[in-house]
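First up is the structure itself, then whatever we jot down about it.
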Amino acid sequence: MLPSELLRVKKKGNKIMPSFASLDYENEYASSLLIDVYSEHVGKTLRELEESVKEIEDQLEDLDYHPKFVRGLIELLNRAIVTERPATKVPPDVARRTVFSVSSERGFAITDRDRFEILSEAACRLGVSVEDLVKAFEASYEGSEVIVDFKAPEPVELLKQYNLSLLQTLMFKATSMTIIANMTGAEAKSLLRTIKRFGLMYMADKEGGPLKIHVDGPASILTQTRRYGTRMAKVLPAVLHLKTWRVRAEIIHMGKRYTLEIDERYGNLLPSKPPIEEEFDSLVEEEFMLKFRAFSMGWDIVREPEPLVVDGAVFIPDFALSKDDMKIYLEIVGFWTPSYIEKKLKKLSNVKDVMIVAVDRKLSCAKEVSLSLKELPNIKLVAFEDKLKLSDVLPVLRELERRRAVAVHEESPPRLASEEELRAYLSKIEEEPLRRVLEVLKGFGVQDVHEAQRILKKHGLVIVWKSLDQSEAIVKRLYR
Amino acid sequence: MSSESRGNSGPEHVRLEYDRGTIVVKGLTQEIPPLKWDPRAKCLRALAYKYLEVKRALELLGMEFEDRVLSPIKGSIGTVSLKPLRDYQEEAVEAWLRAGKRGIVVLPTGTGKTIIAIKIIAQVNEPTLVVVPTLELLEQWRLELSKALNVNVGVVGGGSRELSFVTVSTYSSAYLHAEEMGDKFKLLVFDEVHHLPSESFRQIALMSAAPYRLGLTATLEREDGKHVDLLDLVGDVVYRKSVYEMKSKHLADFELVRVYVELTDDERGEFEKLYSMYRDFLERRNWRLRSLQDFRKLIMASGLSREARRALMAWRDARLLILNSVSKLDILRDLLRKHQDDRILIFTELNETVRKISRTFLIPEITYKTSSKERASVMELFKKGIYRAVVTSRVLEEGVDVPDANVAIVLSGTASRRSFVQRLGRILRPAPGKKAVLYEVVVKDTPEVAISKRRRKGLVGS
């Protein structure tokens, strides 16, 4: 971010763009020239550095570099140096206080003689030489600091940093911004977290295309304000590393309104940030994911899948579970109150897909836990204790599979003519509702479950009972 | 968005809350002015300063609601120790209370506006935020408030972020933290309230739900005309007295002396050269600089063409030359010699000149770059009389109490009427038998003569 007087923009109609520095040979030359001056001045005073920088600045201006561009690079380099006050015999503030007091007593340094007498008297009072006194007196002036460290950037990196700063400085003048991007759940989560952390608000939209997030602040709907511009500028770096992105901002510059539009094609002019790492909101989620993967039953699990938009707000379920064309979301709820759950369910009922909402019984704010809330058609409410176990979720998945199976095959269970075909059928089974298997076996004269069990066993299959209800039992492969 | 799509709007219970500089109303979907529907949070919203208006609107409709807007800082002021108020101070307090605890008091510098504010804070006895322009004033208010009200005064600004029942903040810090502070106070006091209408600072007033507001200033009018907005932000002018109504009765007498100096021959030659460079550029472009806007145009152009940049540099150098003219320093030398027993404030426009005078005469300086610690030390030693003079740019212009100063020397300045009156005010604190002098040092045959005339217009016969 740069002081606003160093902002350079291009305007065309109501469009506005920062005057980005291209990464060409000329600009790299200016960048490296300046970096060198800074490197050479480690160990010297700030004043010496400033003088040398001024020379380079004039040279570059004679070469027709834009002075604001040069100044901008200098501004960024100034932030990369570390300075320290020079060591003095007496603390500078003591030296100054003594000199000024003596001067006031003696009627100020009106002549050179007065000056000498004042300084001698002050030096005498402090028990140092006049020379040391003057050194200490001067040490508090800006410019006397010594440069002790300088983290030299690469010339191209400095140019990219300059471009980002320029873009952010223009963003200071923004009244709102819209981020349009394809992102994963983790990316969206991290971006929204950044937006919220800066006290901003958003409204999301996703009509088939990429996610659109309109960002502004609480007071924005009431008054046209640039109050939130600085914070929007700070959100910007979080967008740059996405694969595809577009940012549109409404800008007020010199009393006029403009639109800024920029996208990933400018990415090479800007610094790239390393992609964010996967973070788990809680241990429950992490453990569940590991267990699920180890025992997948043909279901795929994706954590923080692609974001959904529910009534203007972005919603990222904890997991998406998918198998063939079936997709189901799983949301794990930690601390909750009945009214919170109710609100959440109401919100989620707008999601078209099936959603499992798993609620931690122990983390309820209410002592008496009753999950007597009515279930909405697309929502399965599951209560768990301590940890979410696979067995808490599996029945829902099975039910889904069964319903799908009913929808796809059940009207016509495979009609098998020969024992050969039966053997082939059984050898393919990994997991199948018992009901369906019995149906098939009936065709071969198998009348009861016990007989079926014997045949299945020969083929490495077992019947797993979920309850006493036969219709819930499944046939599963034990070995091959 | 139609009200049907706002979901369930049954006979839910209506609740007012504060949200980061705004007020939100939950459990209601009807857009009653000044409330607006916010689709992001699915509730009604208004700027925090509309708090009373929102409440009144709901009450008028006979609506029942729960009010959770304010979370005022708990506490109370201590035993008040204030010396009796002067008649006009008493009148000002009365006028403000009568106006419904809102409004602005306009009084010349040095007439005890702070006392009026303290009296009001004591009387209202609600959590109060005092907003001031500079760090000096912050420290000064903190001391006076804690002494007069016997409370621990919180400070927001200059690196501190402590909130108390009575808190002092600078305009810039109050702007930065407007969201967090907007629900914590019931009385806002704006010192030098003419600063408030700027695009950013006004948000301090807009984002606060505080129902009671007091503004203080010596010069209400702003060059951009935005002072009219103060009516909405703080309230009407409830009390006003001019310098001339107050002079000699409540203020020290003062004398205005203008001293003309001439540039040396060398300086004159150099000045003519630089100034004609600048003038020729304007003539070529057929520009006439009449206002600040015109001047901004030149600065803008300097970003585009090298010619404009050179003209601007020439103007700057010419100005520097006048400001730093040897003849001015000679006059200063004479004046310092003449006022051997007085307390002197020296004002000059540029920080470079401040530095030069400080180094030449060994006089302590205060500029915007001076650390708050050193500022405090310089001011303290000046008050104690250990330092007899201070040289400064614009920092000391506003309301900083320098009671014992009786000589002001203005070496250069802008044509702004306010800053001149305020500088003058520095040496006008009443003291028995005190006679104050203000010197204005102007270089002959340069634009400074016109600037000085414009500056004095504010005083003569207003």
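Ligands are numbered from 1 in the order shown, residues from 1 within each chain, and chains are lettered A, B, ... in the order they appear in the structure tokens.
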May I ask you to extract the residues of chain B within 7 Å of chain A, using only C-alpha atoms, and to give them as a PDB file with N, CA and C atoms, in the first residue's frame?
ATOM      1  N   ARG B  20     -21.663  -2.774  14.749  1.00  0.00           N
ATOM      2  CA  ARG B  20     -20.528  -2.090  14.108  1.00  0.00           C
ATOM      3  C   ARG B  20     -20.880  -0.757  13.451  1.00  0.00           C
ATOM      4  N   GLY B  21     -21.373   0.173  14.227  1.00  0.00           N
ATOM      5  CA  GLY B  21     -21.660   1.508  13.685  1.00  0.00           C
ATOM      6  C   GLY B  21     -23.058   1.659  13.130  1.00  0.00           C
ATOM      7  N   THR B  22     -23.844   0.584  13.222  1.00  0.00           N
ATOM      8  CA  THR B  22     -25.220   0.669  12.736  1.00  0.00           C
ATOM      9  C   THR B  22     -26.158   0.094  13.799  1.00  0.00           C
ATOM     10  N   ARG B  40     -28.278  -8.775   3.308  1.00  0.00           N
ATOM     11  CA  ARG B  40     -27.121  -9.574   3.704  1.00  0.00           C
ATOM     12  C   ARG B  40     -27.357 -10.234   5.057  1.00  0.00           C
ATOM     13  N   ALA B  46     -30.074   0.822  10.230  1.00  0.00           N
ATOM     14  CA  ALA B  46     -29.933   2.277  10.114  1.00  0.00           C
ATOM     15  C   ALA B  46     -28.587   2.662  10.693  1.00  0.00           C
ATOM     16  N   LEU B  47     -28.059   3.825  10.313  1.00  0.00           N
ATOM     17  CA  LEU B  47     -26.816   4.289  10.917  1.00  0.00           C
ATOM     18  C   LEU B  47     -27.058   4.532  12.405  1.00  0.00           C
ATOM     19  N   ARG B 333      16.033  37.564  15.376  1.00  0.00           N
ATOM     20  CA  ARG B 333      17.139  37.800  16.307  1.00  0.00           C
ATOM     21  C   ARG B 333      16.844  39.046  17.148  1.00  0.00           C
ATOM     22  N   GLN B 340      13.511  39.824  26.331  1.00  0.00           N
ATOM     23  CA  GLN B 340      14.352  39.031  27.225  1.00  0.00           C
ATOM     24  C   GLN B 340      13.571  38.346  28.348  1.00  0.00           C
ATOM     25  N   THR B 360      19.532  27.090  14.925  1.00  0.00           N
ATOM     26  CA  THR B 360      20.276  28.347  14.945  1.00  0.00           C
ATOM     27  C   THR B 360      20.238  28.976  16.334  1.00  0.00           C
ATOM     28  N   PHE B 361      19.044  29.072  16.900  1.00  0.00           N
ATOM     29  CA  PHE B 361      18.902  29.802  18.163  1.00  0.00           C
ATOM     30  C   PHE B 361      18.875  28.898  19.385  1.00  0.00           C
ATOM     31  N   LEU B 362      18.924  27.585  19.152  1.00  0.00           N
ATOM     32  CA  LEU B 362      18.851  26.589  20.219  1.00  0.00           C
ATOM     33  C   LEU B 362      17.561  26.734  21.024  1.00  0.00           C
ATOM     34  N   ILE B 363      16.476  26.748  20.275  1.00  0.00           N
ATOM     35  CA  ILE B 363      15.142  26.842  20.854  1.00  0.00           C
ATOM     36  C   ILE B 363      14.419  25.516  20.582  1.00  0.00           C
ATOM     37  N   PRO B 364      13.746  24.929  21.584  1.00  0.00           N
ATOM     38  CA  PRO B 364      13.063  23.649  21.329  1.00  0.00           C
ATOM     39  C   PRO B 364      11.984  23.769  20.263  1.00  0.00           C
ATOM     40  N   ILE B 386      11.184  27.019  32.253  1.00  0.00           N
ATOM     41  CA  ILE B 386      12.571  26.590  32.016  1.00  0.00           C
ATOM     42  C   ILE B 386      12.919  26.835  30.551  1.00  0.00           C
ATOM     43  N   TYR B 387      11.970  26.589  29.664  1.00  0.00           N
ATOM     44  CA  TYR B 387      12.123  27.027  28.275  1.00  0.00           C
ATOM     45  C   TYR B 387      11.355  28.328  28.147  1.00  0.00           C
ATOM     46  N   ARG B 388      11.969  29.344  27.535  1.00  0.00           N
ATOM     47  CA  ARG B 388      11.270  30.618  27.372  1.00  0.00           C
ATOM     48  C   ARG B 388      10.650  30.761  25.988  1.00  0.00           C
TER      49      ARG B 388
END
Leaving out Met232 in chain A and any residue of its chain fewer than 2 positions from it, which residues lie within 9 Å of it when counting only C-alpha atoms, given as a compact mmCIF listing (two decimals) with C-alpha atoms, in the first residue's frame?
# COMPACT_ATOMS: atom_id res chain seq x y z
CA GLN A 168 -4.40 -1.88 -3.08
CA MET A 171 -8.83 -0.18 -3.61
CA PHE A 172 -8.69 2.24 -0.65
CA ALA A 174 -13.57 1.42 -3.17
CA SER A 176 -17.74 -2.19 -2.66
CA MET A 177 -16.11 -5.11 -4.39
CA ILE A 195 -13.67 -11.04 4.87
CA PHE A 198 -11.93 -7.44 8.71
CA LEU A 200 -16.85 -6.77 6.29
CA VAL A 215 -18.27 -7.52 -0.34
CA ASP A 216 -18.91 -4.29 1.58
CA TYR A 228 -14.14 -0.17 4.15
CA GLY A 229 -11.78 0.38 1.19
CA THR A 230 -8.64 -0.22 3.22
CA LYS A 234 -6.32 -6.27 2.58
CA VAL A 235 -8.66 -9.04 1.40
CA LEU A 236 -7.28 -8.80 -2.12
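The interatomic distance for the pair CA of Val247 in chain A and CA of Gln203 in chain B works out to 27.0 Å.
Running DSSP on the backbone gives strand (DSSP E or B) for these residues within range 211-286 of chain A: Leu211, Lys212, Ile213, His214, Val215, Asp216, Trp245, Arg246, Val247, Arg248, Ala249, Glu250, Ile251, Ile252, His253, Lys256, Arg257, Tyr258, Thr259, Leu260, Glu261, Ile262 and Asp263 of chain A.
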Leaving out Arg45 in chain B and any residue of its chain fewer than 6 positions from it, which residues lie within 7 Å of it when counting only C-alpha atoms, given as a PDB file with C-alpha atoms, in the first residue's frame?
ATOM      1  CA  THR B  22     -25.220   0.669  12.736  1.00  0.00           C
ATOM      2  CA  ILE B  23     -28.453  -0.269  14.449  1.00  0.00           C
ATOM      3  CA  VAL B  24     -30.223  -3.435  13.388  1.00  0.00           C
ATOM      4  CA  VAL B  25     -33.841  -4.218  14.083  1.00  0.00           C
ATOM      5  CA  LEU B  35     -34.635   1.883   8.572  1.00  0.00           C
ATOM      6  CA  LYS B  36     -33.582   0.043   5.444  1.00  0.00           C
ATOM      7  CA  TRP B  37     -33.843  -3.653   4.631  1.00  0.00           C
ATOM      8  CA  ASP B  38     -30.464  -5.357   4.587  1.00  0.00           C
TER       9      ASP B  38
END
As a list of chain:residue names, please: the residues near Glu287 in chain A (cut-off 12 Å, only C-alpha atoms, same-chain neighbours under 6 positions excluded).
A:Phe280, A:Asp281, A:Arg293, A:Ala294, A:Arg303, A:Asp386, A:Lys387, A:Leu388, A:Lys389, A:Leu390
Of the candidates B:Thr111, B:Thr167, B:Thr79, B:Ser276, which one gets nearest to Leu188 in chain B if we count only C-alpha atoms?
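Under the stated criterion, the closest residue is B:Thr167.
In this structure, CA of Leu397 in chain A sits 20.5 Å away from CA of Leu461 in chain A.
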Find the residues around Arg71 in chain A up to 10 Å (only C-alpha atoms counted), leave out those fewer than 2 positions away in its own chain, and share them as a short mmCIF file (atom, residue, chain, number, x, y, z; two decimals) with C-alpha atoms, in the first residue's frame.
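Below is the file that was written, selection_20.cif:
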data_model
loop_
_atom_site.label_atom_id
_atom_site.label_comp_id
_atom_site.auth_asym_id
_atom_site.auth_seq_id
_atom_site.Cartn_x
_atom_site.Cartn_y
_atom_site.Cartn_z
CA LEU A 2 1.32 3.39 -0.99
CA LEU A 6 1.81 8.01 -5.45
CA VAL A 53 18.71 7.58 -3.33
CA LYS A 54 17.94 11.15 -4.35
CA GLU A 57 15.94 9.22 -8.39
CA HIS A 66 7.76 8.28 -14.06
CA PRO A 67 8.71 9.97 -10.77
CA LYS A 68 5.75 8.41 -8.98
CA PHE A 69 6.85 4.96 -10.08
CA LEU A 73 9.69 1.61 -5.35
CA ILE A 74 11.63 3.73 -2.85
CA GLU A 75 8.66 3.70 -0.52
CA LEU A 76 8.58 -0.11 -0.57
CA LEU A 77 12.34 -0.40 -0.10
#
I'd like to know which of A:Asp448, A:Arg265, A:Val440, A:Ile379 is closest to Ser349 in chain A, using only C-alpha atoms.
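That would be A:Ile379, the residue with the smallest distance to Ser349 in chain A.
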Alpha helix (DSSP H) per DSSP on the backbone: members of range 187-220 of chain A, as a list in words
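The residues of range 187-220 of chain A classed as alpha helix (DSSP H) are Glu187, Ala188, Lys189, Ser190, Leu191, Leu192, Arg193, Thr194, Ile195, Lys196 and Arg197 of chain A.
Counting only C-alpha atoms, the residue from B:Lys50, B:His227, B:Lys241, B:Ser327 that sits nearest to Thr264 in chain B is B:Ser327.
Residues lying within 12 Å of Ser32 in chain A, counting only C-alpha atoms and ignoring same-chain neighbours fewer than 5 positions away, are Tyr25, Glu26, Asn27, Val37, Tyr38, Ser39, Ile56, Leu60, Val70, Leu73, Ile74, Leu77, Ala152, Pro153, Glu154, Pro155, Val156, Glu157, Leu158 and Leu159 of chain A.
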If we count only C-alpha atoms, what is near range 210-224 of chain B at a cut-off of 8 Å, once residues fewer than 6 positions away on the same chain are taken out, given as number ranges by chain?
B: 49, 51-52, 96, 100-109, 113, 117, 182-194, 234-235, 418
May I ask for the distance between CA of Glu179 in chain B and CA of Ser208 in chain B, given in Å to one decimal place?
7.9 Å
Range 126-198 of chain A residues near range 316-331 of chain A within 9 Å, closest pair each, using only C-alpha atoms, as CSV:
residue,atom,partner,partner_atom,distance
A:Gly185,CA,A:Ile316,CA,5.9
A:Ala186,CA,A:Ile316,CA,8.4
A:Ala188,CA,A:Ile316,CA,8.0
A:Lys189,CA,A:Ile316,CA,7.2
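Among the candidate residues B:Val153, B:Val168, B:Val378, B:Ala178, the one lying nearest to Gly75 in chain B is B:Val153, with distances computed using only C-alpha atoms.
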